[in-house]
Structures are given as structure tokens and as C-alpha cells.
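Asker: A single structure is presented below for examination.
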Amino acid sequence: MSDDLALARQWRNDLKARRQVLADEYCQHHDPQIYLSRHADEVDAAIRQLWHSLSLGEEAALIAVGGYGRGQLFPCSDIDVLILLPDDARPELTETVTRLIGLMWDIGLEVGHSVRTHAECLRESAADITIETNLLEQRLISGNRQAFDALSLALENQRDPLAFYEGKTLEQQQRHNRFFGVTNNLEPNLKESPGGLRDLQTLIWISKATGLGSHWDDLVKRGILTPAEARLIKHGERQLERLRIFLHLLARRREDRLIFDLQQQLGLALGLPDSSILRASEQVMQLYYRAARTVSQLNGILLPNLRGRIYSQVPRITEVLNEHFYSVNGMLGIRHPEVFTRDPSAILQAFLMLQQHPELTGFAPRMLRALWHARSKINERFRQDPVNRQLFLQILSTPGLTRSLRRMNLYGVLGKYLPAFGKIVGQMQHDLFHVYTVDEHILMVVRNLRRFAISAFNHEYPFLSRLINDFERPHVLYIAGLFHDIAKGRGGDHSQLGMADARDFCDKHGLSAEDTELVAWLTGQHLTMSHIAQKQDIYDPETVQRFAELVETPRRLCALYLLTVADIRGTSPKVWNAWKAKLLEDLYLATLRHLTRGGAVDMHSELEARKQQARALLRLYAVPDGAEEKLWSQLDIVYFLRHEAREIAWHARVLNRFTDSGEPIVRARLSDDKEGIQVLVYTPDQSALFARICAFFGRTHYSIADAKVYTTAHGYALDTFHVFIPEHHEDDYRDMINFIEFELAGSLRRQDPLTLPGDGRISRMLKHFPITPQVLIRPDDKANYFVLSIVAGDRPGLLARIAAVLTDHDLAVHSAKIMTLGSRAEDSFLITGPGLNDDKTVVALESELFNALRI
């Protein structure tokens with residue numbers, strides 16, 4: 001045994017050294033084929049050495065399977081081997097095989113092994129398509145050649161090509177669904193994501209299983225793949241392999257995701273230094289996205305062609321649609337191969353035809369290939385053709401738009417027709433809240449707008465669905481969705497640059513002056529409503545009035561509201577929530593009332609209206625008439641304009657008997673949106689109160705979304721917080737409410753020392769793409785308050801740290817708007833206090849805030 005250990009140590013060191021030589025050479029030549037085959041050869045040699053050292057000879061067979069069986073081995077991939085035993089294997093043989101597997105691990109090989117007889121291989125392969133696929137790529141390393149050949153022949157005779165094709169295509173579809181069918185996630189999996197290496201392997205597996213060939217060149221010879229397509233698919237394959245090899249080497253483990261931690265290192269390793277425009281990480285991700293797009297396109301072309309060969313399907317024409325197209329086997333087909341060459345307008349007609357005939361499942365194989373090769377016909381002359389411009393507008397105004405745009409983007413047609421869109425294909429967004437590339441985000445926004453208009457989804461957002469269904473010419477919204485972020489990455493304000501692109505598009509496509517102005521305005525203002533709703537006091541009539549003056553008409557307001565919701569929902573599944581939905585809806589309704597009522601805001605009428613609404617709500621809770629007056633006598637107009645009627649009624653209902661209480665009163669309730677908790681704090685004012693409350697929520701992992709801070713005429717703090725429940729919290733909300741009411745009141749009663757929460761963990765994305773903190777202090781429009789605006793990477797306890805700095809400078813916080821977008825915090829505060837008119841004091845305050853925000 002000691003001899004085994006000594007030999008294993010020596011072999012381990014030798015193999016490690018040879019692997020390191022391969023890695024060093026690869027970093028020089030970057031040729032994946034050389035590395036993958038030589039790495040497999042080195043492992044072959046090491047395993048044969050072990051086989052012979054144990055005198056296993058010809059009694060069994062040692063077979064490489066899976067990726068290793070292909071003769072391609074990535075740096076940290078599993079080494080899949082099958083040890084084929086005879087049916088009457090001796091016990092001693094089994095013991096020796098066990099020693100062999102142990103030695104493989106001892107010398108540093110991460111082995112995925114199976115030990116089976118001939119009959120067991122056939123039985124397992126028939127029962128599990130994954131095992132069948134693994135055995136499809138088998139290669140003898142050492143041992144009994146006859147047993148290996150017999151197994152190969154038996155597996156081939158047993159295989160059902162049709163069942164294999166159906167199984168692998170279903171497997172691919174399910175895999176794509178796990179990744180939401182999107183190639184453009186910001187941390188894609190090089191192997192498993194749509195457009196990854198697994199898509200290429202699926203094509204080769206099907207081809208090999210059905211006897212059509214085991215290499216791309218075999219498919220060219222059989223006419224399934226053209227030479228040009230083969231060159232493109234080989235290029236995409238090499239690019240993905242190159243990235244995956246570097247990823248394994250940098251991570252020093254099997255890591256197939258392009259994780260944030262390694263993107264920058266990977267770019268530099270590939271010789272892509274940071275430029276003034278793009279970081280190395282952004283350049284390497286664009287390389288990936290282009291390769292993945294090519295693979296996705298060709299996978300979509302080849303699978304139907306393979307199906308046609310396998311099934312020997314006779315074209316079954318059910319309906320001639322026009323001079324160019326017919327329905328063939330439930331798909332859209334072309335009547336002659338030169339359709340797109342003779343009439344390039346047929347390219348756009350094809351997508352429109354699919355929209356007009358929803359019974360068709362897609363493009364027929366011959367047509368798909370012809371369409372893909374015809375993209376070069378989309379040039380400036382094509383774009384200037386009035387017929388094509390009209391066809392594109394028809395696409396935008398016909399049901400089925402989302403699928404058409406995705407198909408057009410997948411096959412490169414959309415980027416050809418809209419060159420500005422082509423520039424943002426595969427462009428990353430390191431803003432810490434978009435989880436899609438720019439092109440994918442844009443398509444998600446258009447999808448969301450279309451979803452509002454489809455009756456099957458009316459239950460999701462009934463109010464928005466009603467608005468869009470009453471909106472005349474909704475295709476102008478889809479155009480605005482297409483252009484709202486189209487100028488990202490050019491430098492400058494993308495909203496303003498996008499306005500010029502949108503206006504140019506509308507002019508060339510013959511939209512009316514009214515619709516052109518609306519699309520351009522929406523593109524330029526697409527961030528405005530979100531900014532106002534989440535950063536300003538939308539219950540202040542003057543805020544509503546200023547917004548109404550900006551939008552001018554109910555049609556513009558409706559369009560901006562719909563686009564804003566679609567935009568936020570298209571950034572990330574985690575960014576949208578019911579709290580944001582409520583803010584936007586309340587802003588929309590308040591502005592609509594202002595626009596339809598007309599004229600300037602009458603503050604006295606607004607104040608009385610809110611009081612009457614609050615009194616009506618109090619009567620519903622059986623609160624005696626006049627019970628609210630004692631509290632209200634201590635409140636001024638600022639309070640009533642800053643709070644909506646439901647909050648005013650809640651405060652009066654809770655506090656009418658405790659107006660002069662010497663003890664802190666803390667009450668909490670589930671918010672109307674059911675996604676958070678509203679917390680009321682009423683107490684004689686005390687030092688550092690806002691900071692104490694923020695620190696409490698920070699320590700207990702409640703996230704503050706909104707804070708309204710008010711001081712009564714008789715010196716009481718009346719503060720309202722909207723907090724989000726901690727993630728993965730399993731307690732009943734009543735228990736959480738009881739906890740907040742008891743613990744926070746106790747802390748304020750004791751006036752515990754201000755203790756800031758720990759730093760906690762920051763997200764990986766924020767760690768590798770940090771945000772430079774921004775701090776801006778300026779007077780508000782009336783010069784009554786100062787507005788403190790902060791942008792920073794979000795982390796636990798951030799708000800408490802900001803509040804502590806403000807407390808140290810004796811600054812009072814009157815309201816706080818907390819906007820968290822993924823890992824990005826954009827907060828604003830209304831503050832007053834000594835020294836804010838003094839430049840030196842402001843500079844010192846900004847410096848301390850920068851230190852508090854720095855990660």
C-alpha cells in the first residue's frame with residue numbers, strides 16, 4: 001500500500017506539471033482545439049499507466065465516455081469513464097477496479113465513473129437518455145477491444161433514432177426554459193445557456209445517433225449544413241471553448257458561468273485591455289453574446305433540417321398564402337428558393353405573415369435558411385423603400401409582435417433594419433439593476449406593453465390593461481419602447497440621443513406630427529415618472545402640478561405611465577414590487593385629476609378635501625366625530641399635504657387618545673399593497689431619533705422604502721415608515737408587527753445608545769462593479785428645505801449610517817425617499833439645520849457622507 005501511495009504521489013506531481021505546461025502554452029496560443037485534445041491525451045496516458053500498473057490487461061475494458069469520450073477535455077471537467085466488466089467477473093477483478101478508481105482520485109483526476117457489464121449498459125441506456133447520450137461518445141482507452149466493439153455495435157442496433165431526436169430536442173427546450181430562453185443574462189452559463197456549447201453538442205449527438213455524421217464537415221457533405229454555415233458554427237464553437245478553458249483556469253475549478261468575479265480577469269487574459277469606452281469585462285461579454293447568438297441562429301436552422309432528414313418528411317402543402325409563401329407541415333414555407341433574392345421585401349413579409357397566421361408554428365427549414373442568408377439584402381436602399389417601411393409599421397401594429405421582434409433579433413434582421421438597435425445587441429448594463437443586455441431589456445419592455453393589451457393577461461394588471469385598450473394607436477407605445485434605451489453606450493444622455501433616433505424613425509415612416517412628437521417625448525422622458533414617484537413627495541399637490549405641467553395632456557400621461565411600468569418590470573424580476581406600483585398609480589391618478597380639473601392648485605380646497613376623506617374613513621372605524629381635532633390642532637398644512645387621506649385617518653384613529661402621551665407609541669400594520677409594513681412612531685422628540693429608528697430596522701434586516709418625518713406644534717415626532725419584510729422570513733405578519741411595536745417602542749423608551757448595524761455581505765455584482773458614491777446637496781424649489789441626493793451601492797445598514805452622519809451635524813430629516821434598484825441605492829432626503837448655507841460646512845458634510853457610503 002505504501003508503494004501505491006508513493007507512486008500515486010509521483011504520478012500526481014507529473015500530471016500536475018504536464019497540465020501546467022499545457023495551461024501555460026494555451027495562454028500563449030489561445031487555440032482551444034490543441035488544448036482540449038492534448039489535455040485528453042495526457043489524461044489518457046495517466047489512466048493507461050494506472051491500468052497497466054495494476055495488471056488489468058484484457059479482462060475488462062476502460063472506456064472514455066461523454067465529453068472525455070469525444071477526446072475533448074476542459075481543464076476542470078469531470079473525467080467520465082466506464083469500466084466494462086465481463087458477465088462472470090472475478091471478485092479479485094472487482095477489488096482491483098476499486099483500487100484503480102481510488103488511484104485515479106489520488107493522482108488528481110476528478111473521475112465520474114460507472115462499472116457495468118455489457119447487459120447492464122444496454123439496460124441502463126434504454127432506460128435513460130442521459131446514459132444513452134454518454135455512451136454515444138465512447139472511446140477505448142485500454143483493455144479488451146472485442147468487448148468494446150461488441151458493446152458499440154449492440155448500442156447502435158438498440159438505438160431508436162426518432163426517439164433519440166425527440167428526447168434531445170425536448171431536453172434542449174426544457175434546458176432553455178430554465179434559463180428563460182434568453183442568451184443575454186449577465187452571468188450566462190457557457191455550457192448550458194441558450195446558444196451555449198450544449199446546443200452544439202445536441203446537434204452533433206442527434207447527427208451521430210441518426211447516422212448523419214459526427215463532425216460539422218460530415219453535415220456539409222450531406223447537404224445539411226452549407227460551407228458558410230459550417231465556418232460560422234466552427235467559429236462560434238471555438239469562441240465558446242476558448243472562453244470556457246480560460247474560465248476553468250482562472251477559477252481553478254469547474255466553473256461554467258461567466259460570473260462577475262471573473263469577467264474582468266477573463267477579458268485581460270484574452271488580451272482585451274480596458275479602453276476609454278469599454279472595460280475588458282464588457283468586451284469579453286460582447287464576444288460571448290455574438291458567439292451565442294450565432295450558435296442560437298444555426299441551432300434553429302439545423303434542428304428542423306435534421307428533423308426533415310430523420311423523418312423523411314414529405315412537404316405537405318395545405319394552403320398557398322400568396323405568391324411567395326405557403327403553409328407547409330404547419331409552418332411558413334417559401335414557394336421557390338430565390339424569393340428573398342428576387343424580392344427582398346419578402347423578408348419583412350415573412351414575419352408579418354407569421355403574425356397574421358397564428359396557426360403556423362414557425363418557419364419551415366428551407367425558408368429559415370434562405371431568410372438567414374438573405375440578411376445582407378437589408379441595406380440602406382432596403383430601409384428607404386416605402387414598401388418596407390409600411391411593412392415594418394404593420395409588424396408593430398399586428399398581434400404577435402413580441403414573437404416577431406424576438407425572431408427578427410435572433411436572426412439579425414432587427415439590427416439590420418434598425419442599425420441603432422444593432423449597436424446595442426449584446427451590450428451589458430453594469431448599473432446593478434438591469435439583469436439583461438440592452439437589446440434584451442428593450443424587447444422585454446415591448447413585451448410588457450403588449451402583455452397589457454392581451455386579454456389573457458388582463459388579470460395581472462387590470463387597470464393598465466384597461467388604459468392600453470382605450471389608448472388610440474397603441475403601436476406608438478411599442479415604437480417608444482423600441483427606442484427608449486436604443487442610444488445607451490454612445491456617451492452622453494441616452495434619453496436625448498434616443499429622442500433624435502425616434503424622431504428620425506417616425507418622420508421616415510410617415511407617422512403623424514402628433515404621434516411623432518409623442519414617441520420622441522416618451523423616449524426623452526421615459527425616466528421622469530419613475531424618478532418623481534420614487535424620489536419626490538407625490539402627495540404634495542405642487543409636485544403633482546409640476547408633473548402635470550410637464551405631461552400637458554391625459555394621452556401623454558397615460559402613455560408615460562404605461563411605458564414606465566413596462567420599463568421597470570423589464571429591468572429585473574426583483575426590481576418591480578407592489579410598493580412601486582402603488583406610487584406610480586397614485587401619481588398617475590392625482591395628475592389625471594389635475595389635468596381634467598384644470599387650473600392651478602387650490603391648497604385650501606385640497607386641504608379640506610383630504611380632511612373630509614380622512615373623516616369619512618374614521619367614521620367607518622366608528623371613531624366619534626371630532627375625536628381627531630385634538631391631534632389635528634397640533635398639525636399644520638405641511639402635514640396634511642405630505643400625507644394621503646388613508647394615512648391621516650390611521651394616525652388620527654391610533655393617536656386621538658394619546659396626543660400628549662409621555663411614552664413612545666409605535667403601531668404597525670400590513671400595507672395596502674401586502675408587500676410591506678407601515679410603521680407609525682409617535683413620541684416626544686428626542687436626539688438622533690431618525691438615526692435610532694433606521695439603525696433598529698437595519699439591525700433587524702427590515703428595508704426602509706419610504707419615510708415621512710414630521711414634528712408637531714407641541715414638540716412630538718410623528719414619523720411614518722414603509723418597510724419591506726426581510727427576505728425568506730417565515731414568521732406570520734402579525735408576529736412581525738408585534739415584534740416591531742414592542743421592540744422599537746422599548747428601544748425608544750430606553751433611549752438606547754445609537755448602535756449601527758454591521759456591514760453585512762455585499763452582493764458579488766456590487767463587489768466587482770462598484771458604484772462611485774454621489775452626494776448632492778441643494779436648496780429645494782421654495783428654499784424651505786435642502787435636498788440631499790445620494791447614489792451608492794446598497795448594503796445592510798446603509799440608511800442608518802447616513803442618518804448617523806446627519807445626526808452628528810445636527811440636521812433634521814423631514815422626509816426620506818428610499819429607492820433601491822437591485823444593488824443600487826438612490827435615496828433623497830429633505831433636510832434642515834445649521835450651516836447648510838455655508839459652503840465649508842456642506843463640503844465637510846459631503847466628505848463624511850462619502851466615507852459612510854464607501855464600501
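Residues in the C-alpha cells are numbered from 1 in each chain, the chains being A, B, ... in the order shown, and ligands are numbered from 1 in the order shown.
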May I have the residues within 12 Å of Glu124 of chain A as a PyMOL selection string, using only C-alpha atoms and disregarding those fewer than 2 positions away in the same chain?
Answerer: chain A and resi 114-122+126-135+155+158
Asker: When you look at Glu110 of chain A with a cut-off of 9 Å (counting only C-alpha atoms), what residues show up, excluding the ones that are within fewer than 5 positions of it in the same chain? I need them as a list in words.
Answerer: Cys76, Ser77, Asp78, Ile79, Asp80, Met104 and Trp105 of chain A
Asker: Could you list, as a PDB file with N, CA and C atoms, in the first residue's frame, every residue within 12 Å of segment 836-844 of chain A, counting only C-alpha atoms and ignoring same-chain residues fewer than 5 positions away?
Answerer:
```
ATOM      1  N   VAL A 775     -22.968  62.397  -3.917  1.00  0.00           N
ATOM      2  CA  VAL A 775     -23.669  63.165  -2.885  1.00  0.00           C
ATOM      3  C   VAL A 775     -23.909  64.571  -3.426  1.00  0.00           C
ATOM      4  N   LEU A 776     -25.161  65.003  -3.393  1.00  0.00           N
ATOM      5  CA  LEU A 776     -25.502  66.345  -3.875  1.00  0.00           C
ATOM      6  C   LEU A 776     -26.435  66.993  -2.862  1.00  0.00           C
ATOM      7  N   ILE A 777     -26.096  68.220  -2.435  1.00  0.00           N
ATOM      8  CA  ILE A 777     -26.923  68.990  -1.507  1.00  0.00           C
ATOM      9  C   ILE A 777     -27.289  70.292  -2.191  1.00  0.00           C
ATOM     10  N   ARG A 778     -28.584  70.574  -2.290  1.00  0.00           N
ATOM     11  CA  ARG A 778     -29.053  71.794  -2.965  1.00  0.00           C
ATOM     12  C   ARG A 778     -30.353  72.262  -2.306  1.00  0.00           C
ATOM     13  N   PRO A 779     -30.662  73.551  -2.399  1.00  0.00           N
ATOM     14  CA  PRO A 779     -31.947  74.036  -1.867  1.00  0.00           C
ATOM     15  C   PRO A 779     -33.099  73.503  -2.713  1.00  0.00           C
ATOM     16  N   ALA A 783     -36.836  76.974  -1.388  1.00  0.00           N
ATOM     17  CA  ALA A 783     -35.766  77.341  -0.458  1.00  0.00           C
ATOM     18  C   ALA A 783     -36.193  77.166   0.994  1.00  0.00           C
ATOM     19  N   ASN A 784     -37.198  76.286   1.239  1.00  0.00           N
ATOM     20  CA  ASN A 784     -37.595  75.975   2.615  1.00  0.00           C
ATOM     21  C   ASN A 784     -36.743  74.862   3.203  1.00  0.00           C
ATOM     22  N   TYR A 785     -36.315  73.961   2.357  1.00  0.00           N
ATOM     23  CA  TYR A 785     -35.525  72.810   2.769  1.00  0.00           C
ATOM     24  C   TYR A 785     -34.314  72.687   1.854  1.00  0.00           C
ATOM     25  N   PHE A 786     -33.426  71.789   2.258  1.00  0.00           N
ATOM     26  CA  PHE A 786     -32.343  71.376   1.376  1.00  0.00           C
ATOM     27  C   PHE A 786     -32.604  69.929   0.972  1.00  0.00           C
ATOM     28  N   VAL A 787     -32.295  69.628  -0.284  1.00  0.00           N
ATOM     29  CA  VAL A 787     -32.474  68.274  -0.798  1.00  0.00           C
ATOM     30  C   VAL A 787     -31.117  67.590  -0.823  1.00  0.00           C
ATOM     31  N   LEU A 788     -31.010  66.498  -0.112  1.00  0.00           N
ATOM     32  CA  LEU A 788     -29.806  65.673  -0.127  1.00  0.00           C
ATOM     33  C   LEU A 788     -30.073  64.462  -1.014  1.00  0.00           C
ATOM     34  N   VAL A 805     -24.626  60.285  10.275  1.00  0.00           N
ATOM     35  CA  VAL A 805     -23.842  61.449   9.855  1.00  0.00           C
ATOM     36  C   VAL A 805     -24.690  62.713   9.968  1.00  0.00           C
ATOM     37  N   LEU A 806     -25.936  62.638   9.530  1.00  0.00           N
ATOM     38  CA  LEU A 806     -26.819  63.799   9.618  1.00  0.00           C
ATOM     39  C   LEU A 806     -27.042  64.198  11.074  1.00  0.00           C
ATOM     40  N   ASP A 808     -24.925  63.738  13.554  1.00  0.00           N
ATOM     41  CA  ASP A 808     -23.681  64.363  14.034  1.00  0.00           C
ATOM     42  C   ASP A 808     -23.607  65.832  13.647  1.00  0.00           C
ATOM     43  N   HIS A 809     -24.252  66.218  12.554  1.00  0.00           N
ATOM     44  CA  HIS A 809     -24.236  67.614  12.096  1.00  0.00           C
ATOM     45  C   HIS A 809     -25.486  68.381  12.535  1.00  0.00           C
ATOM     46  N   ASP A 810     -26.280  67.787  13.447  1.00  0.00           N
ATOM     47  CA  ASP A 810     -27.491  68.428  13.981  1.00  0.00           C
ATOM     48  C   ASP A 810     -28.481  68.782  12.879  1.00  0.00           C
ATOM     49  N   LEU A 811     -28.583  67.927  11.890  1.00  0.00           N
ATOM     50  CA  LEU A 811     -29.505  68.158  10.782  1.00  0.00           C
ATOM     51  C   LEU A 811     -30.793  67.380  11.008  1.00  0.00           C
ATOM     52  N   ALA A 812     -31.915  68.005  10.731  1.00  0.00           N
ATOM     53  CA  ALA A 812     -33.219  67.363  10.884  1.00  0.00           C
ATOM     54  C   ALA A 812     -33.670  66.811   9.531  1.00  0.00           C
ATOM     55  N   ILE A 831     -33.865  67.990   4.229  1.00  0.00           N
ATOM     56  CA  ILE A 831     -33.184  68.250   5.496  1.00  0.00           C
ATOM     57  C   ILE A 831     -33.148  69.749   5.791  1.00  0.00           C
ATOM     58  N   LEU A 849     -20.231  61.960   4.454  1.00  0.00           N
ATOM     59  CA  LEU A 849     -21.185  61.068   3.796  1.00  0.00           C
ATOM     60  C   LEU A 849     -20.475  60.143   2.817  1.00  0.00           C
ATOM     61  N   PHE A 850     -19.503  60.680   2.077  1.00  0.00           N
ATOM     62  CA  PHE A 850     -18.727  59.829   1.163  1.00  0.00           C
ATOM     63  C   PHE A 850     -18.054  58.692   1.930  1.00  0.00           C
ATOM     64  N   ASN A 851     -17.484  59.003   3.067  1.00  0.00           N
ATOM     65  CA  ASN A 851     -16.835  57.958   3.874  1.00  0.00           C
ATOM     66  C   ASN A 851     -17.838  56.915   4.357  1.00  0.00           C
TER      67      ASN A 851
END
```
Asker: When DSSP works through the backbone of this structure, what residues of segment 375-621 of chain A end up as alpha helix (DSSP H), shown as a VMD selection string?
Answerer: chain A and resid 380 to 384 386 to 396 401 to 410 413 to 417 419 to 423 438 to 453 462 to 469 475 to 483 494 to 508 513 to 525 528 to 535 541 to 551 554 to 569 578 to 597 603 to 620
Asker: Residues within 8 Å of segment 707-724 of chain A, please, as number ranges by chain. Count only C-alpha atoms; anything in the same chain fewer than 3 positions from it doesn't count.
Answerer: A: 634-636, 639, 642, 671, 675-685, 702-704, 813-818
Asker: When you count only C-alpha atoms, which of these residues is closest to Val43 of chain A: A:His215, A:His594, A:Arg403, A:Arg12?
Answerer: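 Closest to Val43 of chain A of all the choices is A:Arg12.
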Asker: My list of candidates is A:Arg139, A:Lys574, A:His30, A:Arg293. Which is closest to Gln72 of chain A when distances are computed with only C-alpha atoms?
Answerer: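 Counting only C-alpha atoms, the residue closest to Gln72 of chain A is A:Arg139.
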Asker: Give me, as a ChimeraX atom specification, all polymer residues having an atom no more than 8 Å from Gln283 of chain A, counting only C-alpha atoms and skipping those fewer than 4 positions away in the same chain.
Answerer: /A:267,272,278-279,287
Asker: Keeping only N, CA and C atoms, write the selected residues as a short mmCIF file (atom, residue, chain, number, x, y, z; two decimals), in the first residue's frame.
Answerer:
```
data_model
loop_
_atom_site.label_atom_id
_atom_site.label_comp_id
_atom_site.auth_asym_id
_atom_site.auth_seq_id
_atom_site.Cartn_x
_atom_site.Cartn_y
_atom_site.Cartn_z
N GLY A 267 -11.31 38.95 -19.54
CA GLY A 267 -11.06 39.89 -20.62
C GLY A 267 -9.58 40.22 -20.75
N LEU A 272 -7.69 41.79 -23.93
CA LEU A 272 -8.66 42.85 -24.20
C LEU A 272 -8.55 43.90 -23.09
N LEU A 278 -15.05 50.93 -23.26
CA LEU A 278 -15.48 49.64 -22.73
C LEU A 278 -14.41 49.04 -21.82
N ARG A 279 -14.85 48.47 -20.71
CA ARG A 279 -13.95 47.70 -19.86
C ARG A 279 -13.66 46.37 -20.53
N LEU A 287 -18.07 39.44 -26.91
CA LEU A 287 -17.58 38.28 -27.67
C LEU A 287 -18.48 37.08 -27.41
#
```
Asker: At a cut-off of 8 Å, using only C-alpha atoms, what residues contact segment 182-197 of chain A? Leave out same-chain residues fewer than 5 positions from it and give the result as a PyMOL selection string.
Answerer: chain A and resi 175-176+237+240-241+243-244+256-260+289+291-296+299+426+428+435-437+440
Asker: Print the selection's residues with C-alpha atoms to a file, as an mmCIF file, in the first residue's frame.
Answerer:
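Result written to result.cif:
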```cif
data_model
loop_
_atom_site.group_PDB
_atom_site.id
_atom_site.type_symbol
_atom_site.label_atom_id
_atom_site.label_comp_id
_atom_site.auth_asym_id
_atom_site.auth_seq_id
_atom_site.Cartn_x
_atom_site.Cartn_y
_atom_site.Cartn_z
ATOM 1 C CA ARG A 175 -32.946 23.474 -20.532
ATOM 2 C CA HIS A 176 -33.661 26.710 -22.382
ATOM 3 C CA GLU A 237 -17.734 26.862 -31.100
ATOM 4 C CA LEU A 240 -17.119 29.418 -26.533
ATOM 5 C CA GLU A 241 -14.459 26.750 -25.970
ATOM 6 C CA LEU A 243 -13.774 31.268 -23.014
ATOM 7 C CA ARG A 244 -14.615 28.101 -21.090
ATOM 8 C CA ASP A 256 -19.073 27.311 -16.478
ATOM 9 C CA ARG A 257 -20.791 30.580 -15.615
ATOM 10 C CA LEU A 258 -19.311 33.873 -16.715
ATOM 11 C CA ILE A 259 -19.582 35.173 -13.168
ATOM 12 C CA PHE A 260 -18.924 38.808 -12.307
ATOM 13 C CA TYR A 289 -23.026 37.233 -26.838
ATOM 14 C CA ALA A 291 -20.898 33.699 -30.414
ATOM 15 C CA ALA A 292 -24.013 32.592 -28.511
ATOM 16 C CA ARG A 293 -26.259 34.429 -30.974
ATOM 17 C CA THR A 294 -24.588 32.670 -33.908
ATOM 18 C CA VAL A 295 -24.999 29.303 -32.213
ATOM 19 C CA SER A 296 -28.670 30.018 -31.420
ATOM 20 C CA ASN A 299 -29.198 25.663 -33.953
ATOM 21 C CA GLY A 426 -25.224 42.084 -26.565
ATOM 22 C CA MET A 428 -24.033 44.796 -20.991
ATOM 23 C CA VAL A 435 -30.176 41.798 -15.472
ATOM 24 C CA TYR A 436 -30.428 41.785 -19.259
ATOM 25 C CA THR A 437 -28.353 43.248 -22.039
ATOM 26 C CA GLU A 440 -32.982 42.031 -24.424
#
```
Asker: Just the residues within 9 Å of Gly481 of chain A, please, counting only C-alpha atoms, with nothing from its chain fewer than 4 positions along; format it as a list in words.
Answerer: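 That gives Ile442, Leu443, Val445, Val446, Leu449, Val476, Leu477, Asp485, Val519, Leu522, Thr523, Leu563, Ala566 and Asp567 of chain A.
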Asker: For Leu298 of chain A, which residue out of A:Ile568, A:Leu250, A:Leu348, A:Ile233 is the nearest one, using only C-alpha atoms?
Answerer: A:Ile233
Asker: Of the candidates A:Gly835, A:Tyr539, A:Ile107, A:Pro624, which one gets nearest to Asn13 of chain A if we count only C-alpha atoms?
Answerer: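 Using only C-alpha atoms, the shortest distance to Asn13 of chain A belongs to A:Ile107.
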Asker: Between A:Gln774, A:Asn448, A:Ser465, A:Gln239, single out the one closest to Glu826 of chain A, counting only C-alpha atoms.
Answerer: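 The closest residue to Glu826 of chain A is A:Gln774.
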